[in-house]
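Take a look at the structure set out below.
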Amino acid sequence: MKKVSVIVPTYKVEKYIAAAVQSVLEQTYQNFEVLIIDDESPDRSVEICQQLTDSRIRIIRQKNRGLAGARNTGIRHAQGEYLAFLDGDDVWLPEMLEKNVAHLDNSQDVGVSFNRSAFMDEAGKDLGTYTMPQLTDIDVPCLLRGSPIGNGSAAVIRRDVFEAIRFEDNLYGTVEDFYFDDRFRQSEDIECWLRIAIQTSWKIEGIPDVMTLYRVNSGGLSANFVKQFESWEKVFEKTRSYAPELVAKWENMARAYQLRYLARSAVRMQAGEASVQLINRALSTYWRILLEEPKRTIFTWVSAYLLWLLPQSVYSQIDTFASKMRGSTQKRQILQEQSGQSV
């Protein structure tokens with residue numbers, strides 16, 4: 001029996017899927033199976049996967065159910081003690097499984113292990129910046145301020161965690177087990193992480209290493225800010241149904257942090273007017289965000305207005321310089337944490 005089941009949802013990723021799966025096959029930790037879930041992809045994604053001859057690869061086909069639905073199909077078919085998810089346009093570095101599996105093996109109270117990610121553009125070029133999340137003591141307010149896991153390709157999770165949050169529903173004509181919620185075509189990650197934090201005693205804990213390369217895709221779901229915020233609001237409504245007191249306590253704070261996150265995404269996508277609207281809405285929703293995280297909030301506000309007001313060529317020069325400085329600072333912090341030094 002394989003210890004790790006790697007689940008790769010596949011839909012319209014023909015340009016990237018070969019590199020994604022190859023990054024799994026090249027892991028230093030080799031006790032895994034790979035479940036490629038064909039979510040009725042209309043392009044050559046699955047045809048490309050069929051050319052890979054590794055015996056650990058299984059291709060499972062289904063009618064289109066979206067990312068959450070593809071992950072759930074993978075979980076139902078998985079044989080591993082640990083489950084890992086890799087989106088078809090992302091890439092793992094070679095030690096991703098080894099380091100996260102070791103973390104879970106050595107920390108029996110940790111149910112979700114995750115690592116930092118590096119951002120790359122659509123062509124695979126390193127953008128020089130990283131996710132810099134809180135790694136320990138992750139509770140519900142921490143998740144609501146911005147999921148430290150960052151993306152669905154950065155975590156390895158015990159099967160027991162999914163069993164603890166499993167629910168039954170009839171969404172497609174028959175009763176099935178669900179883990180992620182298929183009704184969400186966006187924000188399915190944070191909805192799942194919140195249920196884990198609220199409904200189980202499992203810890204969510206990160207390691208300082210950068211092990212995932214996350215592709216910033218301008219054509220992806222994250223580029224539609226209005227739909228993404230509406231989807232996030234639906235997550236909050238679901239959470240309210242089983243944890244009303246928590247939602248009432250943290251609602252305004254959570255909404256402001258989500259709006260700021262979307263403002264930063266808008267800046268990254270070069271959407272100046274949207275970024276200004278989003279950051280201003282965040283500040284009017286919960287002004288204390290300025291006191292709680294002044295550096296990140298002010299940086300987002302300044303970036304949004306510079307993008308909106310300056311000529312593109314001038315802004316690009318400033319942004320390139322700022323990104324290099326930010327990336328250097330982040331890299332220095334990561335190296336210090338990896339060596340056990342205080343930051």
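Ordering of the structure tokens sets the chain letters (A, B, ...), residue numbers begin anew at 1 in every chain, and ligands are numbered from 1 in the order given.
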| request: as number ranges by chain, please: all residues of segment 54-162 of chain A that backbone DSSP puts in helix (DSSP H, G or I). | output: A: 66-77, 96-106, 140-145, 159-162
| task | Excluding segment 18-25 of chain A and any residue of its chain fewer than 5 positions from it, enumerate the residues within 7 Å of it, using only C-alpha atoms, and give them as a PyMOL selection string. | result | chain A and resi 48-49+88-94
Can I get the selection written as an mmCIF file, in the first residue's frame, with N, CA and C atoms?
data_model
loop_
_atom_site.group_PDB
_atom_site.id
_atom_site.type_symbol
_atom_site.label_atom_id
_atom_site.label_comp_id
_atom_site.auth_asym_id
_atom_site.auth_seq_id
_atom_site.Cartn_x
_atom_site.Cartn_y
_atom_site.Cartn_z
ATOM 1 N N ILE A 48 -1.945 13.854 -22.996
ATOM 2 C CA ILE A 48 -0.543 14.038 -22.606
ATOM 3 C C ILE A 48 -0.209 13.125 -21.430
ATOM 4 N N CYS A 49 -1.106 13.043 -20.465
ATOM 5 C CA CYS A 49 -0.874 12.176 -19.298
ATOM 6 C C CYS A 49 -0.796 10.704 -19.698
ATOM 7 N N GLY A 88 -3.022 21.180 -11.701
ATOM 8 C CA GLY A 88 -2.351 20.804 -12.941
ATOM 9 C C GLY A 88 -1.452 21.857 -13.545
ATOM 10 N N ASP A 89 -1.491 23.106 -13.026
ATOM 11 C CA ASP A 89 -0.603 24.140 -13.554
ATOM 12 C C ASP A 89 0.478 24.549 -12.555
ATOM 13 N N ASP A 90 0.589 23.828 -11.435
ATOM 14 C CA ASP A 90 1.634 24.109 -10.453
ATOM 15 C C ASP A 90 2.725 23.042 -10.511
ATOM 16 N N VAL A 91 3.792 23.261 -9.742
ATOM 17 C CA VAL A 91 4.942 22.348 -9.769
ATOM 18 C C VAL A 91 5.467 22.194 -8.348
ATOM 19 N N TRP A 92 5.892 20.995 -8.002
ATOM 20 C CA TRP A 92 6.576 20.762 -6.735
ATOM 21 C C TRP A 92 8.087 20.724 -6.923
ATOM 22 N N LEU A 93 8.812 21.194 -5.919
ATOM 23 C CA LEU A 93 10.253 20.970 -5.870
ATOM 24 C C LEU A 93 10.495 19.551 -5.344
ATOM 25 N N PRO A 94 11.666 18.972 -5.614
ATOM 26 C CA PRO A 94 11.868 17.522 -5.395
ATOM 27 C C PRO A 94 11.635 17.017 -3.972
#
| task | Please identify all polymer residues within 12 Å of Thr329 of chain A, counting only C-alpha atoms, omitting same-chain residues fewer than 6 positions from it, and present them as a list of chain:residue names. | result |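 Counting only C-alpha atoms, the residues come to A:Gly128, A:Thr129, A:Tyr130, A:Met132, A:Ala322, A:Ser323, A:Leu335, A:Gln336, A:Val343.
Atom to atom, atom CA of Asp139 of chain A and atom CA of Tyr179 of chain A stand 19.9 Å apart.
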Per-residue DSSP, segment 43-108 of chain A, filtered to strand (DSSP E), as a short mmCIF file (atom, residue, chain, number, x, y, z; two decimals) with N, CA and C atoms, in the first residue's frame:
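Listed below is the output, result14.cif:
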data_model
loop_
_atom_site.label_atom_id
_atom_site.label_comp_id
_atom_site.auth_asym_id
_atom_site.auth_seq_id
_atom_site.Cartn_x
_atom_site.Cartn_y
_atom_site.Cartn_z
N ILE A 57 0.83 5.69 -11.89
CA ILE A 57 -0.16 6.66 -12.38
C ILE A 57 -1.48 5.96 -12.72
N ARG A 58 -2.57 6.51 -12.20
CA ARG A 58 -3.91 6.07 -12.60
C ARG A 58 -4.69 7.28 -13.11
N ILE A 59 -5.39 7.12 -14.22
CA ILE A 59 -6.22 8.19 -14.76
C ILE A 59 -7.68 7.83 -14.50
N ILE A 60 -8.39 8.73 -13.84
CA ILE A 60 -9.80 8.51 -13.49
C ILE A 60 -10.62 9.59 -14.18
N ARG A 61 -11.61 9.19 -14.94
CA ARG A 61 -12.42 10.14 -15.71
C ARG A 61 -13.77 10.37 -15.03
N TYR A 82 -1.60 9.32 3.66
CA TYR A 82 -1.53 10.77 3.49
C TYR A 82 -2.01 11.13 2.08
N LEU A 83 -2.66 12.28 1.96
CA LEU A 83 -3.16 12.75 0.68
C LEU A 83 -2.53 14.11 0.35
N ALA A 84 -2.07 14.25 -0.88
CA ALA A 84 -1.49 15.52 -1.34
C ALA A 84 -2.16 15.91 -2.64
N PHE A 85 -2.34 17.20 -2.84
CA PHE A 85 -3.03 17.71 -4.03
C PHE A 85 -2.08 18.61 -4.80
N VAL A 91 3.79 23.26 -9.74
CA VAL A 91 4.94 22.35 -9.77
C VAL A 91 5.47 22.19 -8.35
N TRP A 92 5.89 21.00 -8.00
CA TRP A 92 6.58 20.76 -6.73
C TRP A 92 8.09 20.72 -6.92
#
| field | Non-local contacts of Glu273 of chain A (9 Å; only C-alpha atoms; under 3 positions in same chain excluded) as a list of chain:residue names | value |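 Skipping anything fewer than 3 positions along the chain leaves A:Ala266, A:Val276, A:Gln277, A:Leu278, A:Ala304, A:Tyr305, A:Leu307, A:Trp308.
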| note | If you count only C-alpha atoms, the residue of A:Ser313, A:Asn170, A:Ser45, A:Asn151 closest to Arg183 of chain A turns out to be A:Asn170
| said: as an MDAnalysis selection string, please: the residues near segment 269-271 of chain A (cut-off 12 Å, only C-alpha atoms, same-chain neighbours under 3 positions excluded). | reply: chainID A and resid 121:122 216:220 222:225 262:266 274:278 303:313 315:316 319
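Distance check against Arg255 of chain A using only C-alpha atoms: of A:Ser284, A:Gln333, A:Ser241, A:Ser107, the minimum falls on A:Ser284.
Atom pair atom CA of Gly69 of chain A / atom CA of Pro244 of chain A has a distance of 26.5 Å (rounded to one decimal).
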Non-local contacts of segment 117-119 of chain A (8 Å; only C-alpha atoms; under 6 positions in same chain excluded) as an mmCIF file with N, CA and C atoms, in the first residue's frame:
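After the write, out.cif holds the following:
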data_model
loop_
_atom_site.group_PDB
_atom_site.id
_atom_site.type_symbol
_atom_site.label_atom_id
_atom_site.label_comp_id
_atom_site.auth_asym_id
_atom_site.auth_seq_id
_atom_site.Cartn_x
_atom_site.Cartn_y
_atom_site.Cartn_z
ATOM 1 N N ASP A 126 10.402 32.448 -12.587
ATOM 2 C CA ASP A 126 10.374 32.755 -11.166
ATOM 3 C C ASP A 126 10.171 34.255 -10.979
ATOM 4 N N LEU A 127 9.137 34.634 -10.213
ATOM 5 C CA LEU A 127 8.856 36.047 -9.972
ATOM 6 C C LEU A 127 9.644 36.601 -8.789
ATOM 7 N N GLY A 128 10.326 35.728 -8.054
ATOM 8 C CA GLY A 128 11.212 36.184 -6.984
ATOM 9 C C GLY A 128 10.542 36.523 -5.676
ATOM 10 N N THR A 129 9.252 36.210 -5.542
ATOM 11 C CA THR A 129 8.547 36.461 -4.290
ATOM 12 C C THR A 129 7.900 35.171 -3.792
ATOM 13 N N TYR A 130 7.534 35.178 -2.504
ATOM 14 C CA TYR A 130 7.125 33.950 -1.842
ATOM 15 C C TYR A 130 5.916 34.204 -0.945
ATOM 16 N N THR A 131 5.171 33.140 -0.624
ATOM 17 C CA THR A 131 4.188 33.228 0.444
ATOM 18 C C THR A 131 4.952 33.205 1.763
ATOM 19 N N GLY A 150 -2.151 28.978 1.701
ATOM 20 C CA GLY A 150 -1.845 29.752 0.503
ATOM 21 C C GLY A 150 -2.466 29.225 -0.782
ATOM 22 N N ALA A 154 0.050 23.089 -1.798
ATOM 23 C CA ALA A 154 1.111 23.269 -0.799
ATOM 24 C C ALA A 154 0.946 22.402 0.441
ATOM 25 N N VAL A 210 10.421 26.406 1.038
ATOM 26 C CA VAL A 210 9.678 26.678 -0.198
ATOM 27 C C VAL A 210 9.714 25.410 -1.039
ATOM 28 N N MET A 211 8.552 24.767 -1.198
ATOM 29 C CA MET A 211 8.499 23.480 -1.877
ATOM 30 C C MET A 211 7.499 23.435 -3.019
ATOM 31 N N THR A 212 6.709 24.494 -3.193
ATOM 32 C CA THR A 212 5.706 24.559 -4.261
ATOM 33 C C THR A 212 5.953 25.780 -5.127
ATOM 34 N N LEU A 213 5.872 25.589 -6.440
ATOM 35 C CA LEU A 213 5.910 26.716 -7.378
ATOM 36 C C LEU A 213 4.477 26.964 -7.839
ATOM 37 N N TYR A 214 3.945 28.125 -7.472
ATOM 38 C CA TYR A 214 2.540 28.459 -7.721
ATOM 39 C C TYR A 214 2.453 29.403 -8.908
ATOM 40 N N ARG A 215 1.693 28.996 -9.920
ATOM 41 C CA ARG A 215 1.612 29.769 -11.151
ATOM 42 C C ARG A 215 0.538 30.858 -11.042
ATOM 43 N N VAL A 216 0.945 32.097 -11.249
ATOM 44 C CA VAL A 216 0.009 33.217 -11.284
ATOM 45 C C VAL A 216 -0.549 33.290 -12.691
#
| message | I need the residue nearest Tyr29 of chain A from this list: A:Lys238, A:Lys203, A:Lys2, A:Arg76. Use only C-alpha atoms for the distance. | response |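 For Tyr29 of chain A, the nearest of the candidates is A:Lys2.
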As a PDB file with N, CA and C atoms, in the first residue's frame, please: the residues near Asp177 of chain A (cut-off 12 Å, only C-alpha atoms, same-chain neighbours under 6 positions excluded).
ATOM      1  N   GLY A  69     -14.805  18.927  -6.819  1.00  0.00           N
ATOM      2  CA  GLY A  69     -15.329  17.629  -7.217  1.00  0.00           C
ATOM      3  C   GLY A  69     -14.253  16.675  -7.689  1.00  0.00           C
ATOM      4  N   ARG A  71     -11.084  16.759  -6.707  1.00  0.00           N
ATOM      5  CA  ARG A  71     -10.340  16.352  -5.502  1.00  0.00           C
ATOM      6  C   ARG A  71     -11.105  15.283  -4.730  1.00  0.00           C
ATOM      7  N   ASN A  72     -12.414  15.464  -4.599  1.00  0.00           N
ATOM      8  CA  ASN A  72     -13.214  14.470  -3.880  1.00  0.00           C
ATOM      9  C   ASN A  72     -13.169  13.110  -4.560  1.00  0.00           C
ATOM     10  N   THR A  73     -13.242  13.092  -5.879  1.00  0.00           N
ATOM     11  CA  THR A  73     -13.131  11.827  -6.607  1.00  0.00           C
ATOM     12  C   THR A  73     -11.781  11.180  -6.312  1.00  0.00           C
ATOM     13  N   GLY A  74     -10.743  11.990  -6.285  1.00  0.00           N
ATOM     14  CA  GLY A  74      -9.419  11.465  -5.953  1.00  0.00           C
ATOM     15  C   GLY A  74      -9.370  10.877  -4.557  1.00  0.00           C
ATOM     16  N   ILE A  75      -9.971  11.571  -3.598  1.00  0.00           N
ATOM     17  CA  ILE A  75      -9.968  11.078  -2.216  1.00  0.00           C
ATOM     18  C   ILE A  75     -10.700   9.736  -2.129  1.00  0.00           C
ATOM     19  N   ARG A  76     -11.832   9.614  -2.828  1.00  0.00           N
ATOM     20  CA  ARG A  76     -12.604   8.363  -2.786  1.00  0.00           C
ATOM     21  C   ARG A  76     -11.812   7.182  -3.345  1.00  0.00           C
ATOM     22  N   HIS A  77     -10.937   7.435  -4.314  1.00  0.00           N
ATOM     23  CA  HIS A  77     -10.158   6.365  -4.936  1.00  0.00           C
ATOM     24  C   HIS A  77      -8.784   6.168  -4.288  1.00  0.00           C
ATOM     25  N   PHE A 162      -9.630  14.014   6.722  1.00  0.00           N
ATOM     26  CA  PHE A 162     -10.776  14.032   5.816  1.00  0.00           C
ATOM     27  C   PHE A 162     -11.919  13.160   6.328  1.00  0.00           C
ATOM     28  N   GLU A 163     -11.585  12.055   6.977  1.00  0.00           N
ATOM     29  CA  GLU A 163     -12.637  11.221   7.552  1.00  0.00           C
ATOM     30  C   GLU A 163     -13.384  11.989   8.646  1.00  0.00           C
ATOM     31  N   ALA A 164     -12.679  12.855   9.355  1.00  0.00           N
ATOM     32  CA  ALA A 164     -13.295  13.615  10.441  1.00  0.00           C
ATOM     33  C   ALA A 164     -14.261  14.683   9.936  1.00  0.00           C
ATOM     34  N   ILE A 165     -14.058  15.173   8.708  1.00  0.00           N
ATOM     35  CA  ILE A 165     -14.946  16.224   8.186  1.00  0.00           C
ATOM     36  C   ILE A 165     -15.862  15.705   7.073  1.00  0.00           C
ATOM     37  N   ARG A 166     -15.834  14.411   6.824  1.00  0.00           N
ATOM     38  CA  ARG A 166     -16.635  13.811   5.747  1.00  0.00           C
ATOM     39  C   ARG A 166     -18.127  14.049   5.991  1.00  0.00           C
ATOM     40  N   PHE A 167     -18.852  14.325   4.903  1.00  0.00           N
ATOM     41  CA  PHE A 167     -20.308  14.436   4.992  1.00  0.00           C
ATOM     42  C   PHE A 167     -20.932  13.786   3.761  1.00  0.00           C
ATOM     43  N   GLU A 168     -22.181  13.384   3.884  1.00  0.00           N
ATOM     44  CA  GLU A 168     -22.902  12.754   2.775  1.00  0.00           C
ATOM     45  C   GLU A 168     -23.845  13.753   2.133  1.00  0.00           C
ATOM     46  N   ASP A 169     -23.986  13.640   0.818  1.00  0.00           N
ATOM     47  CA  ASP A 169     -24.935  14.491   0.105  1.00  0.00           C
ATOM     48  C   ASP A 169     -25.299  13.818  -1.211  1.00  0.00           C
ATOM     49  N   ASN A 170     -26.371  14.289  -1.810  1.00  0.00           N
ATOM     50  CA  ASN A 170     -26.806  13.782  -3.108  1.00  0.00           C
ATOM     51  C   ASN A 170     -26.808  14.960  -4.082  1.00  0.00           C
ATOM     52  N   LEU A 171     -25.678  15.184  -4.731  1.00  0.00           N
ATOM     53  CA  LEU A 171     -25.542  16.304  -5.656  1.00  0.00           C
ATOM     54  C   LEU A 171     -25.656  15.875  -7.113  1.00  0.00           C
TER      55      LEU A 171
END
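Using only C-alpha atoms, the nearest neighbour of Ile190 of chain A within the list A:Leu259, A:Val267, A:Ala68, A:Ile289 is A:Ala68.
The space separating atom CA of Leu135 of chain A from atom CA of Ser231 of chain A comes to 25.8 Å.
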